[in-house]
file query11.cif (mmCIF, N, CA and C atoms)
data_model
loop_
_atom_site.label_atom_id
_atom_site.label_comp_id
_atom_site.auth_asym_id
_atom_site.auth_seq_id
_atom_site.Cartn_x
_atom_site.Cartn_y
_atom_site.Cartn_z
N MET A 962 31.03 -4.31 -42.98
CA MET A 962 32.32 -4.07 -43.60
C MET A 962 32.21 -4.41 -45.08
N ALA A 963 32.67 -3.52 -45.94
CA ALA A 963 32.58 -3.70 -47.39
C ALA A 963 33.63 -4.71 -47.86
N GLU A 964 33.23 -5.51 -48.83
CA GLU A 964 34.14 -6.49 -49.40
C GLU A 964 35.06 -5.79 -50.39
N THR A 965 36.36 -6.08 -50.32
CA THR A 965 37.33 -5.48 -51.21
C THR A 965 37.29 -6.20 -52.56
N THR A 966 37.23 -5.42 -53.63
CA THR A 966 37.25 -5.97 -54.97
C THR A 966 38.61 -5.67 -55.59
N PHE A 967 39.24 -6.71 -56.12
CA PHE A 967 40.55 -6.55 -56.75
C PHE A 967 40.40 -6.66 -58.25
N LYS A 968 41.25 -5.94 -58.99
CA LYS A 968 41.16 -5.97 -60.44
C LYS A 968 42.02 -7.07 -61.08
N HIS A 969 43.00 -7.58 -60.33
CA HIS A 969 43.88 -8.61 -60.87
C HIS A 969 43.61 -9.95 -60.19
N ALA A 970 43.49 -11.00 -61.00
CA ALA A 970 43.35 -12.35 -60.45
C ALA A 970 44.72 -12.83 -59.98
N VAL A 971 44.73 -13.64 -58.93
CA VAL A 971 45.96 -14.21 -58.38
C VAL A 971 45.89 -15.72 -58.52
N ASN A 972 46.89 -16.30 -59.18
CA ASN A 972 46.97 -17.74 -59.36
C ASN A 972 47.90 -18.31 -58.29
N GLU A 973 47.33 -18.66 -57.14
CA GLU A 973 48.14 -19.16 -56.03
C GLU A 973 48.81 -20.49 -56.37
N ALA A 974 48.20 -21.29 -57.24
CA ALA A 974 48.80 -22.56 -57.64
C ALA A 974 50.11 -22.34 -58.39
N ARG A 975 50.25 -21.18 -59.02
CA ARG A 975 51.47 -20.82 -59.74
C ARG A 975 52.46 -20.11 -58.82
N GLY A 976 52.03 -19.86 -57.59
CA GLY A 976 52.91 -19.19 -56.64
C GLY A 976 52.81 -17.68 -56.66
N GLU A 977 51.69 -17.15 -57.14
CA GLU A 977 51.50 -15.70 -57.16
C GLU A 977 50.95 -15.21 -55.83
N ALA A 978 51.21 -13.94 -55.53
CA ALA A 978 50.69 -13.30 -54.31
C ALA A 978 50.31 -11.86 -54.63
N ARG A 979 49.28 -11.38 -53.95
CA ARG A 979 48.84 -9.99 -54.13
C ARG A 979 49.58 -9.09 -53.15
N LEU A 980 49.94 -7.89 -53.62
CA LEU A 980 50.54 -6.87 -52.77
C LEU A 980 49.86 -5.55 -53.12
N VAL A 981 49.33 -4.87 -52.10
CA VAL A 981 48.67 -3.58 -52.32
C VAL A 981 49.46 -2.52 -51.57
N ILE A 982 49.90 -1.51 -52.31
CA ILE A 982 50.61 -0.37 -51.75
C ILE A 982 49.76 0.86 -52.03
N ASP A 983 49.15 1.39 -50.96
CA ASP A 983 48.15 2.45 -51.07
C ASP A 983 47.06 1.99 -52.03
N ASP A 984 46.89 2.65 -53.17
CA ASP A 984 45.83 2.27 -54.11
C ASP A 984 46.37 1.49 -55.30
N VAL A 985 47.61 1.02 -55.21
CA VAL A 985 48.25 0.30 -56.32
C VAL A 985 48.24 -1.19 -55.99
N GLU A 986 47.56 -1.95 -56.83
CA GLU A 986 47.47 -3.41 -56.66
C GLU A 986 48.48 -4.08 -57.57
N LEU A 987 49.27 -4.97 -57.00
CA LEU A 987 50.25 -5.74 -57.76
C LEU A 987 50.01 -7.22 -57.55
N VAL A 988 50.45 -8.00 -58.52
CA VAL A 988 50.54 -9.45 -58.35
C VAL A 988 52.00 -9.80 -58.58
N LEU A 989 52.58 -10.50 -57.61
CA LEU A 989 53.99 -10.90 -57.68
C LEU A 989 54.09 -12.39 -57.94
N ALA A 990 55.15 -12.78 -58.63
CA ALA A 990 55.44 -14.20 -58.85
C ALA A 990 56.95 -14.39 -58.81
N ALA A 991 57.40 -15.42 -58.13
CA ALA A 991 58.83 -15.69 -58.00
C ALA A 991 59.26 -16.71 -59.04
N GLU A 992 59.09 -16.33 -60.31
CA GLU A 992 59.58 -17.19 -61.40
C GLU A 992 61.10 -17.19 -61.34
N MET A 993 61.73 -18.26 -61.78
CA MET A 993 63.18 -18.39 -61.63
C MET A 993 63.94 -17.26 -62.32
N GLY A 994 63.52 -16.85 -63.50
CA GLY A 994 64.19 -15.74 -64.18
C GLY A 994 64.09 -14.45 -63.41
N ARG A 995 62.93 -14.22 -62.80
CA ARG A 995 62.73 -13.01 -61.99
C ARG A 995 63.58 -13.08 -60.71
N LEU A 996 63.63 -14.25 -60.08
CA LEU A 996 64.47 -14.40 -58.89
C LEU A 996 65.94 -14.19 -59.23
N ALA A 997 66.36 -14.72 -60.38
CA ALA A 997 67.75 -14.53 -60.80
C ALA A 997 68.05 -13.05 -61.00
N ALA A 998 67.11 -12.31 -61.57
CA ALA A 998 67.31 -10.87 -61.79
C ALA A 998 67.44 -10.13 -60.46
N VAL A 999 66.58 -10.47 -59.48
CA VAL A 999 66.67 -9.84 -58.15
C VAL A 999 68.01 -10.21 -57.51
N SER A 1000 68.37 -11.48 -57.58
CA SER A 1000 69.61 -11.96 -56.99
C SER A 1000 70.82 -11.25 -57.60
N MET A 1001 70.82 -11.10 -58.92
CA MET A 1001 71.94 -10.42 -59.59
C MET A 1001 72.00 -8.95 -59.18
N ARG A 1002 70.86 -8.27 -59.14
CA ARG A 1002 70.86 -6.86 -58.77
C ARG A 1002 71.39 -6.66 -57.36
N LEU A 1003 71.00 -7.56 -56.45
CA LEU A 1003 71.41 -7.43 -55.05
C LEU A 1003 72.73 -8.12 -54.73
N GLN A 1004 73.30 -8.80 -55.72
CA GLN A 1004 74.55 -9.54 -55.59
C GLN A 1004 74.48 -10.57 -54.46
N CYS A 1005 73.37 -11.31 -54.43
CA CYS A 1005 73.18 -12.37 -53.43
C CYS A 1005 74.11 -13.53 -53.73
N LYS A 1006 74.62 -14.15 -52.68
CA LYS A 1006 75.54 -15.27 -52.82
C LYS A 1006 74.83 -16.62 -52.79
N SER A 1007 73.56 -16.62 -52.32
CA SER A 1007 72.82 -17.88 -52.21
C SER A 1007 71.33 -17.60 -52.21
N LEU A 1008 70.54 -18.66 -52.36
CA LEU A 1008 69.09 -18.52 -52.27
C LEU A 1008 68.70 -18.09 -50.87
N ASN A 1009 69.40 -18.58 -49.86
CA ASN A 1009 69.12 -18.18 -48.48
C ASN A 1009 69.37 -16.67 -48.30
N ASP A 1010 70.44 -16.16 -48.88
CA ASP A 1010 70.74 -14.73 -48.82
C ASP A 1010 69.61 -13.93 -49.47
N LEU A 1011 69.17 -14.38 -50.64
CA LEU A 1011 68.07 -13.70 -51.33
C LEU A 1011 66.80 -13.72 -50.48
N PHE A 1012 66.47 -14.90 -49.92
CA PHE A 1012 65.28 -15.03 -49.08
C PHE A 1012 65.36 -14.09 -47.87
N MET A 1013 66.51 -14.08 -47.21
CA MET A 1013 66.67 -13.26 -46.01
C MET A 1013 66.54 -11.77 -46.34
N ARG A 1014 67.09 -11.35 -47.46
CA ARG A 1014 67.04 -9.93 -47.82
C ARG A 1014 65.63 -9.51 -48.20
N LEU A 1015 64.91 -10.38 -48.92
CA LEU A 1015 63.53 -10.03 -49.30
C LEU A 1015 62.59 -10.11 -48.09
N SER A 1016 62.66 -11.18 -47.33
CA SER A 1016 61.74 -11.32 -46.19
C SER A 1016 62.09 -10.37 -45.07
N GLY A 1017 63.35 -9.92 -45.00
CA GLY A 1017 63.76 -8.95 -43.99
C GLY A 1017 63.49 -7.52 -44.41
N VAL A 1018 62.88 -7.35 -45.56
CA VAL A 1018 62.50 -6.07 -46.15
C VAL A 1018 63.60 -5.01 -46.08
N GLU A 1019 64.79 -5.42 -46.46
CA GLU A 1019 65.87 -4.46 -46.68
C GLU A 1019 65.38 -3.52 -47.77
N ALA A 1020 65.65 -2.23 -47.66
CA ALA A 1020 65.09 -1.24 -48.59
C ALA A 1020 65.41 -1.55 -50.06
N ALA A 1021 66.67 -1.80 -50.37
CA ALA A 1021 67.05 -2.08 -51.76
C ALA A 1021 66.41 -3.37 -52.26
N ALA A 1022 66.34 -4.37 -51.39
CA ALA A 1022 65.73 -5.64 -51.77
C ALA A 1022 64.23 -5.49 -52.01
N THR A 1023 63.58 -4.67 -51.19
CA THR A 1023 62.14 -4.45 -51.34
C THR A 1023 61.84 -3.78 -52.67
N VAL A 1024 62.58 -2.74 -53.00
CA VAL A 1024 62.37 -2.04 -54.27
C VAL A 1024 62.66 -2.98 -55.44
N ALA A 1025 63.75 -3.73 -55.38
CA ALA A 1025 64.09 -4.67 -56.45
C ALA A 1025 63.03 -5.76 -56.56
N GLY A 1026 62.57 -6.27 -55.42
CA GLY A 1026 61.54 -7.30 -55.44
C GLY A 1026 60.25 -6.81 -56.08
N ILE A 1027 59.82 -5.62 -55.72
CA ILE A 1027 58.60 -5.06 -56.33
C ILE A 1027 58.80 -4.89 -57.83
N GLU A 1028 59.91 -4.29 -58.19
CA GLU A 1028 60.17 -4.03 -59.62
C GLU A 1028 60.27 -5.31 -60.44
N LEU A 1029 61.01 -6.28 -59.95
CA LEU A 1029 61.34 -7.45 -60.77
C LEU A 1029 60.42 -8.65 -60.60
N LEU A 1030 59.65 -8.71 -59.50
CA LEU A 1030 58.74 -9.84 -59.30
C LEU A 1030 57.30 -9.53 -59.71
N THR A 1031 57.00 -8.28 -60.06
CA THR A 1031 55.63 -7.90 -60.44
C THR A 1031 55.28 -8.46 -61.82
N VAL A 1032 54.17 -9.20 -61.86
CA VAL A 1032 53.67 -9.74 -63.13
C VAL A 1032 52.38 -9.05 -63.57
N LYS A 1033 51.70 -8.38 -62.66
CA LYS A 1033 50.48 -7.62 -62.97
C LYS A 1033 50.47 -6.35 -62.13
N GLY A 1034 50.10 -5.23 -62.74
CA GLY A 1034 50.04 -3.95 -62.03
C GLY A 1034 51.27 -3.11 -62.34
N SER A 1035 51.27 -1.89 -61.85
CA SER A 1035 52.35 -0.94 -62.12
C SER A 1035 53.36 -0.91 -60.98
N ALA A 1036 54.47 -1.62 -61.18
CA ALA A 1036 55.51 -1.66 -60.16
C ALA A 1036 56.09 -0.28 -59.91
N ILE A 1037 56.28 0.50 -60.96
CA ILE A 1037 56.87 1.83 -60.81
C ILE A 1037 55.95 2.74 -59.99
N GLU A 1038 54.66 2.67 -60.24
CA GLU A 1038 53.70 3.47 -59.46
C GLU A 1038 53.73 3.05 -58.00
N ALA A 1039 53.81 1.75 -57.75
CA ALA A 1039 53.86 1.25 -56.38
C ALA A 1039 55.13 1.72 -55.68
N ILE A 1040 56.25 1.67 -56.37
CA ILE A 1040 57.52 2.09 -55.78
C ILE A 1040 57.49 3.57 -55.41
N THR A 1041 56.84 4.39 -56.24
CA THR A 1041 56.77 5.83 -55.93
C THR A 1041 55.91 6.10 -54.70
N LYS A 1042 55.01 5.19 -54.35
CA LYS A 1042 54.13 5.36 -53.18
C LYS A 1042 54.63 4.59 -51.96
N LEU A 1043 55.70 3.83 -52.12
CA LEU A 1043 56.21 2.96 -51.06
C LEU A 1043 56.69 3.77 -49.85
N LYS A 1044 56.23 3.34 -48.68
CA LYS A 1044 56.65 3.93 -47.40
C LYS A 1044 56.97 2.78 -46.44
N LEU A 1045 57.62 3.10 -45.34
CA LEU A 1045 57.98 2.07 -44.37
C LEU A 1045 56.77 1.30 -43.87
N LYS A 1046 55.61 1.94 -43.80
CA LYS A 1046 54.40 1.26 -43.31
C LYS A 1046 53.99 0.11 -44.23
N HIS A 1047 54.46 0.09 -45.48
CA HIS A 1047 54.12 -0.97 -46.42
C HIS A 1047 55.04 -2.19 -46.31
N PHE A 1048 56.15 -2.06 -45.59
CA PHE A 1048 57.15 -3.13 -45.56
C PHE A 1048 56.63 -4.45 -44.99
N PRO A 1049 55.78 -4.47 -43.95
CA PRO A 1049 55.27 -5.77 -43.49
C PRO A 1049 54.46 -6.50 -44.58
N ALA A 1050 53.66 -5.78 -45.35
CA ALA A 1050 52.90 -6.40 -46.43
C ALA A 1050 53.84 -6.90 -47.52
N CYS A 1051 54.90 -6.16 -47.79
CA CYS A 1051 55.90 -6.59 -48.78
C CYS A 1051 56.56 -7.88 -48.31
N ALA A 1052 56.96 -7.93 -47.04
CA ALA A 1052 57.61 -9.14 -46.49
C ALA A 1052 56.69 -10.35 -46.61
N ALA A 1053 55.42 -10.16 -46.31
CA ALA A 1053 54.46 -11.26 -46.39
C ALA A 1053 54.31 -11.75 -47.83
N ALA A 1054 54.20 -10.81 -48.77
CA ALA A 1054 54.05 -11.19 -50.19
C ALA A 1054 55.30 -11.89 -50.70
N PHE A 1055 56.49 -11.35 -50.36
CA PHE A 1055 57.73 -11.99 -50.80
C PHE A 1055 57.85 -13.39 -50.22
N SER A 1056 57.54 -13.54 -48.94
CA SER A 1056 57.62 -14.86 -48.31
C SER A 1056 56.66 -15.85 -48.96
N MET A 1057 55.47 -15.37 -49.32
CA MET A 1057 54.48 -16.23 -49.95
C MET A 1057 54.96 -16.73 -51.31
N VAL A 1058 55.50 -15.84 -52.13
CA VAL A 1058 55.93 -16.29 -53.46
C VAL A 1058 57.18 -17.15 -53.38
N LEU A 1059 58.06 -16.86 -52.44
CA LEU A 1059 59.26 -17.68 -52.29
C LEU A 1059 58.94 -19.07 -51.76
N ALA A 1060 57.95 -19.17 -50.88
CA ALA A 1060 57.56 -20.45 -50.30
C ALA A 1060 57.10 -21.44 -51.37
N HIS A 1061 56.64 -20.92 -52.49
CA HIS A 1061 56.18 -21.78 -53.58
C HIS A 1061 57.30 -22.68 -54.10
N HIS A 1062 58.55 -22.29 -53.92
CA HIS A 1062 59.69 -23.05 -54.45
C HIS A 1062 60.22 -24.10 -53.49
N PHE A 1063 59.64 -24.19 -52.29
CA PHE A 1063 60.09 -25.17 -51.32
C PHE A 1063 59.12 -26.34 -51.29
N ASP A 1064 59.62 -27.55 -51.00
CA ASP A 1064 58.79 -28.74 -50.93
C ASP A 1064 58.16 -28.85 -49.56
N GLY A 1065 56.90 -28.49 -49.44
CA GLY A 1065 56.17 -28.64 -48.18
C GLY A 1065 56.61 -27.64 -47.13
N ASP A 1066 55.90 -27.63 -46.03
CA ASP A 1066 56.18 -26.69 -44.95
C ASP A 1066 57.54 -26.94 -44.30
N GLU A 1067 57.95 -28.22 -44.23
CA GLU A 1067 59.21 -28.53 -43.58
C GLU A 1067 60.38 -27.89 -44.31
N GLY A 1068 60.32 -27.83 -45.65
CA GLY A 1068 61.41 -27.28 -46.43
C GLY A 1068 61.59 -25.80 -46.20
N ASN A 1069 60.55 -25.09 -45.81
CA ASN A 1069 60.62 -23.65 -45.65
C ASN A 1069 60.67 -23.23 -44.19
N ALA A 1070 60.39 -24.12 -43.26
CA ALA A 1070 60.30 -23.75 -41.85
C ALA A 1070 61.60 -23.18 -41.33
N GLU A 1071 62.72 -23.75 -41.70
CA GLU A 1071 64.00 -23.28 -41.20
C GLU A 1071 64.27 -21.85 -41.66
N ALA A 1072 64.03 -21.54 -42.93
CA ALA A 1072 64.24 -20.18 -43.44
C ALA A 1072 63.30 -19.19 -42.79
N VAL A 1073 62.06 -19.59 -42.56
CA VAL A 1073 61.09 -18.71 -41.91
C VAL A 1073 61.52 -18.43 -40.48
N ASP A 1074 61.98 -19.47 -39.75
CA ASP A 1074 62.45 -19.27 -38.39
C ASP A 1074 63.63 -18.30 -38.34
N GLU A 1075 64.56 -18.42 -39.30
CA GLU A 1075 65.71 -17.53 -39.34
C GLU A 1075 65.31 -16.11 -39.63
N ALA A 1076 64.28 -15.92 -40.47
CA ALA A 1076 63.85 -14.58 -40.86
C ALA A 1076 63.12 -13.88 -39.74
N ALA A 1077 62.54 -14.63 -38.82
CA ALA A 1077 61.74 -14.02 -37.75
C ALA A 1077 62.58 -13.33 -36.72
#
call {"tool": "encode", "arguments": {"input": "query11.cif", "output": "C-alpha cells"}}
result
Amino acid sequence: MAETTFKHAVNEARGEARLVIDDVELVLAAEMGRLAAVSMRLQCKSLNDLFMRLSGVEAAATVAGIELLTVKGSAIEAITKLKLKHFPACAAAFSMVLAHHFDGDEGNAEAVDEAA
C-alpha cells in the first residue's frame, strides 16, 4: 500500500486537523474568531449548539465550517466537490478541532456522547 503524501503540514498542538475532499486537501483550525464567524452565520445560541451542528454535519454547518475554519488549502474548491460521502470525514475533522478547546477527555465526553 502506497504512503499518502500531503502538501500541508498539520499542527495538532495548535488544534489543527486535516480534511481531504476528493483531491482537495484542507487544514482546519477552530480559532476563536473563526468559531465566532461560524456561530454568527449559523445563528447558534451556544457553544453546544455550534458543536452539535458541526459534528452532526448539518449541510449549512458543514459548508460554513469548511469555508470559515480552513487555514490552509482551497475551501471554495473543496465546497464545490463536497458530496454526502464526505460528511463523515467532515464530522471527524470538526470534532477534532473543537476538542482542542476542551480541558481533557472528560470535558468533551459529554458533548461527544450527545453527538453520537
call {"tool": "select_by_dssp", "arguments": {"input": "query11.cif", "residues": "chain A", "states": "strand (DSSP E or B)", "output": "ChimeraX atom specification"}}
result
/A:977-982,985-990,1031-1033
call {"tool": "resolve_selection", "arguments": {"input": "query11.cif", "expression": "the PyMOL selection byres ((chain A and resi 977-991) around 6.5)", "output": "VMD selection string"}}
result
chain A and resid 971 to 976 992 to 996 1030 to 1035 1038 to 1039 1042 1047 1050 1054 1057 to 1059
call {"tool": "write_last_selection", "arguments": {"input": "query11.cif", "atoms": "N, CA and C atoms", "output": "PDB file, in the coordinates of the input"}}
result
ATOM      1  N   VAL A 971      44.730 -13.640 -58.930  1.00  0.00           N
ATOM      2  CA  VAL A 971      45.960 -14.210 -58.380  1.00  0.00           C
ATOM      3  C   VAL A 971      45.890 -15.720 -58.520  1.00  0.00           C
ATOM      4  N   ASN A 972      46.890 -16.300 -59.180  1.00  0.00           N
ATOM      5  CA  ASN A 972      46.970 -17.740 -59.360  1.00  0.00           C
ATOM      6  C   ASN A 972      47.900 -18.310 -58.290  1.00  0.00           C
ATOM      7  N   GLU A 973      47.330 -18.660 -57.140  1.00  0.00           N
ATOM      8  CA  GLU A 973      48.140 -19.160 -56.030  1.00  0.00           C
ATOM      9  C   GLU A 973      48.810 -20.490 -56.370  1.00  0.00           C
ATOM     10  N   ALA A 974      48.200 -21.290 -57.240  1.00  0.00           N
ATOM     11  CA  ALA A 974      48.800 -22.560 -57.640  1.00  0.00           C
ATOM     12  C   ALA A 974      50.110 -22.340 -58.390  1.00  0.00           C
ATOM     13  N   ARG A 975      50.250 -21.180 -59.020  1.00  0.00           N
ATOM     14  CA  ARG A 975      51.470 -20.820 -59.740  1.00  0.00           C
ATOM     15  C   ARG A 975      52.460 -20.110 -58.820  1.00  0.00           C
ATOM     16  N   GLY A 976      52.030 -19.860 -57.590  1.00  0.00           N
ATOM     17  CA  GLY A 976      52.910 -19.190 -56.640  1.00  0.00           C
ATOM     18  C   GLY A 976      52.810 -17.680 -56.660  1.00  0.00           C
ATOM     19  N   GLU A 992      59.090 -16.330 -60.310  1.00  0.00           N
ATOM     20  CA  GLU A 992      59.580 -17.190 -61.400  1.00  0.00           C
ATOM     21  C   GLU A 992      61.100 -17.190 -61.340  1.00  0.00           C
ATOM     22  N   MET A 993      61.730 -18.260 -61.780  1.00  0.00           N
ATOM     23  CA  MET A 993      63.180 -18.390 -61.630  1.00  0.00           C
ATOM     24  C   MET A 993      63.940 -17.260 -62.320  1.00  0.00           C
ATOM     25  N   GLY A 994      63.520 -16.850 -63.500  1.00  0.00           N
ATOM     26  CA  GLY A 994      64.190 -15.740 -64.180  1.00  0.00           C
ATOM     27  C   GLY A 994      64.090 -14.450 -63.410  1.00  0.00           C
ATOM     28  N   ARG A 995      62.930 -14.220 -62.800  1.00  0.00           N
ATOM     29  CA  ARG A 995      62.730 -13.010 -61.990  1.00  0.00           C
ATOM     30  C   ARG A 995      63.580 -13.080 -60.710  1.00  0.00           C
ATOM     31  N   LEU A 996      63.630 -14.250 -60.080  1.00  0.00           N
ATOM     32  CA  LEU A 996      64.470 -14.400 -58.890  1.00  0.00           C
ATOM     33  C   LEU A 996      65.940 -14.190 -59.230  1.00  0.00           C
ATOM     34  N   LEU A1030      59.650  -8.710 -59.500  1.00  0.00           N
ATOM     35  CA  LEU A1030      58.740  -9.840 -59.300  1.00  0.00           C
ATOM     36  C   LEU A1030      57.300  -9.530 -59.710  1.00  0.00           C
ATOM     37  N   THR A1031      57.000  -8.280 -60.060  1.00  0.00           N
ATOM     38  CA  THR A1031      55.630  -7.900 -60.440  1.00  0.00           C
ATOM     39  C   THR A1031      55.280  -8.460 -61.820  1.00  0.00           C
ATOM     40  N   VAL A1032      54.170  -9.200 -61.860  1.00  0.00           N
ATOM     41  CA  VAL A1032      53.670  -9.740 -63.130  1.00  0.00           C
ATOM     42  C   VAL A1032      52.380  -9.050 -63.570  1.00  0.00           C
ATOM     43  N   LYS A1033      51.700  -8.380 -62.660  1.00  0.00           N
ATOM     44  CA  LYS A1033      50.480  -7.620 -62.970  1.00  0.00           C
ATOM     45  C   LYS A1033      50.470  -6.350 -62.130  1.00  0.00           C
ATOM     46  N   GLY A1034      50.100  -5.230 -62.740  1.00  0.00           N
ATOM     47  CA  GLY A1034      50.040  -3.950 -62.030  1.00  0.00           C
ATOM     48  C   GLY A1034      51.270  -3.110 -62.340  1.00  0.00           C
ATOM     49  N   SER A1035      51.270  -1.890 -61.850  1.00  0.00           N
ATOM     50  CA  SER A1035      52.350  -0.940 -62.120  1.00  0.00           C
ATOM     51  C   SER A1035      53.360  -0.910 -60.980  1.00  0.00           C
ATOM     52  N   GLU A1038      54.660   2.670 -60.240  1.00  0.00           N
ATOM     53  CA  GLU A1038      53.700   3.470 -59.460  1.00  0.00           C
ATOM     54  C   GLU A1038      53.730   3.050 -58.000  1.00  0.00           C
ATOM     55  N   ALA A1039      53.810   1.750 -57.750  1.00  0.00           N
ATOM     56  CA  ALA A1039      53.860   1.250 -56.380  1.00  0.00           C
ATOM     57  C   ALA A1039      55.130   1.720 -55.680  1.00  0.00           C
ATOM     58  N   LYS A1042      55.010   5.190 -54.350  1.00  0.00           N
ATOM     59  CA  LYS A1042      54.130   5.360 -53.180  1.00  0.00           C
ATOM     60  C   LYS A1042      54.630   4.590 -51.960  1.00  0.00           C
ATOM     61  N   HIS A1047      54.460   0.090 -45.480  1.00  0.00           N
ATOM     62  CA  HIS A1047      54.120  -0.970 -46.420  1.00  0.00           C
ATOM     63  C   HIS A1047      55.040  -2.190 -46.310  1.00  0.00           C
ATOM     64  N   ALA A1050      53.660  -5.780 -45.350  1.00  0.00           N
ATOM     65  CA  ALA A1050      52.900  -6.400 -46.430  1.00  0.00           C
ATOM     66  C   ALA A1050      53.840  -6.900 -47.520  1.00  0.00           C
ATOM     67  N   ALA A1054      54.200 -10.810 -48.770  1.00  0.00           N
ATOM     68  CA  ALA A1054      54.050 -11.190 -50.190  1.00  0.00           C
ATOM     69  C   ALA A1054      55.300 -11.890 -50.700  1.00  0.00           C
ATOM     70  N   MET A1057      55.470 -15.370 -49.320  1.00  0.00           N
ATOM     71  CA  MET A1057      54.480 -16.230 -49.950  1.00  0.00           C
ATOM     72  C   MET A1057      54.960 -16.730 -51.310  1.00  0.00           C
ATOM     73  N   VAL A1058      55.500 -15.840 -52.130  1.00  0.00           N
ATOM     74  CA  VAL A1058      55.930 -16.290 -53.460  1.00  0.00           C
ATOM     75  C   VAL A1058      57.180 -17.150 -53.380  1.00  0.00           C
ATOM     76  N   LEU A1059      58.060 -16.860 -52.440  1.00  0.00           N
ATOM     77  CA  LEU A1059      59.260 -17.680 -52.290  1.00  0.00           C
ATOM     78  C   LEU A1059      58.940 -19.070 -51.760  1.00  0.00           C
TER      79      LEU A1059
END
call {"tool": "select_by_dssp", "arguments": {"input": "query11.cif", "residues": "chain A", "states": "alpha helix (DSSP H)", "output": "ChimeraX atom specification"}}
result
/A:993-1003,1008-1016,1020-1030,1036-1042,1048-1060,1065-1076
call {"tool": "atom_distance", "arguments": {"input": "query11.cif", "atom1": "atom C of Thr1023 of chain A", "atom2": "atom CA of Thr965 of chain A"}}
result
24.6 Å
call {"tool": "resolve_selection", "arguments": {"input": "query11.cif", "expression": "the PyMOL selection byres ((chain A and resi 1007-1022) around 7)", "output": "PyMOL selection string"}}
result
chain A and resi 1000+1003-1006+1023-1027+1048+1051-1053+1055-1056+1076
call {"tool": "atom_distance", "arguments": {"input": "query11.cif", "atom1": "atom N of Ile1040 of chain A", "atom2": "atom C of His1062 of chain A"}}
result
26.2 Å
call {"tool": "atom_distance", "arguments": {"input": "query11.cif", "atom1": "atom CA of Lys968 of chain A", "atom2": "atom CA of Val999 of chain A"}}
result
25.9 Å
call {"tool": "closest_residue", "arguments": {"input": "query11.cif", "among": "A:His1061, A:Leu1043, A:Ala970, A:Pro1049", "to": "Glu1028 of chain A", "atoms": "only C-alpha atoms"}}
result
A:Leu1043
call {"tool": "decode", "arguments": {"input": "query11.cif", "residues": "segment 1001-1048 of chain A", "atoms": "C-alpha atoms", "output": "compact mmCIF listing (two decimals), in the first residue's frame"}}
result
# COMPACT_ATOMS: atom_id res chain seq x y z
CA MET A 1001 -22.80 34.01 13.76
CA ARG A 1002 -23.51 32.64 10.28
CA LEU A 1003 -25.50 29.72 11.71
CA GLN A 1004 -27.10 31.85 14.46
CA CYS A 1005 -26.03 29.39 17.17
CA LYS A 1006 -27.24 30.15 20.67
CA SER A 1007 -24.42 28.34 22.49
CA LEU A 1008 -21.13 26.54 22.05
CA ASN A 1009 -23.03 23.27 22.49
CA ASP A 1010 -25.36 24.26 19.63
CA LEU A 1011 -22.36 25.04 17.42
CA PHE A 1012 -20.68 21.74 18.35
CA MET A 1013 -23.85 19.73 17.68
CA ARG A 1014 -24.44 21.36 14.29
CA LEU A 1015 -20.85 20.87 13.12
CA SER A 1016 -20.39 17.34 14.46
CA GLY A 1017 -23.87 16.38 13.23
CA VAL A 1018 -22.82 17.51 9.74
CA GLU A 1019 -25.87 19.60 9.06
CA ALA A 1020 -25.44 20.75 5.43
CA ALA A 1021 -25.28 24.51 6.13
CA ALA A 1022 -22.98 23.96 9.11
CA THR A 1023 -20.65 21.75 7.08
CA VAL A 1024 -20.29 24.31 4.30
CA ALA A 1025 -19.80 27.14 6.81
CA GLY A 1026 -17.29 25.07 8.77
CA ILE A 1027 -15.23 24.28 5.68
CA GLU A 1028 -15.34 27.87 4.49
CA LEU A 1029 -14.60 29.57 7.80
CA LEU A 1030 -12.34 27.08 9.62
CA THR A 1031 -9.93 26.43 6.71
CA VAL A 1032 -6.46 27.82 7.35
CA LYS A 1033 -4.64 26.00 4.51
CA GLY A 1034 -5.96 24.84 1.13
CA SER A 1035 -8.83 25.98 -1.08
CA ALA A 1036 -12.08 25.91 0.87
CA ILE A 1037 -14.08 27.04 -2.18
CA GLU A 1038 -12.67 24.22 -4.32
CA ALA A 1039 -13.48 21.71 -1.57
CA ILE A 1040 -17.04 23.02 -1.23
CA THR A 1041 -17.63 22.64 -4.98
CA LYS A 1042 -16.59 18.95 -4.73
CA LEU A 1043 -18.45 18.25 -1.47
CA LYS A 1044 -20.84 15.29 -1.53
CA LEU A 1045 -22.71 13.41 1.19
CA LYS A 1046 -20.00 10.72 1.17
CA HIS A 1047 -17.56 13.33 2.57
CA PHE A 1048 -19.71 14.19 5.61
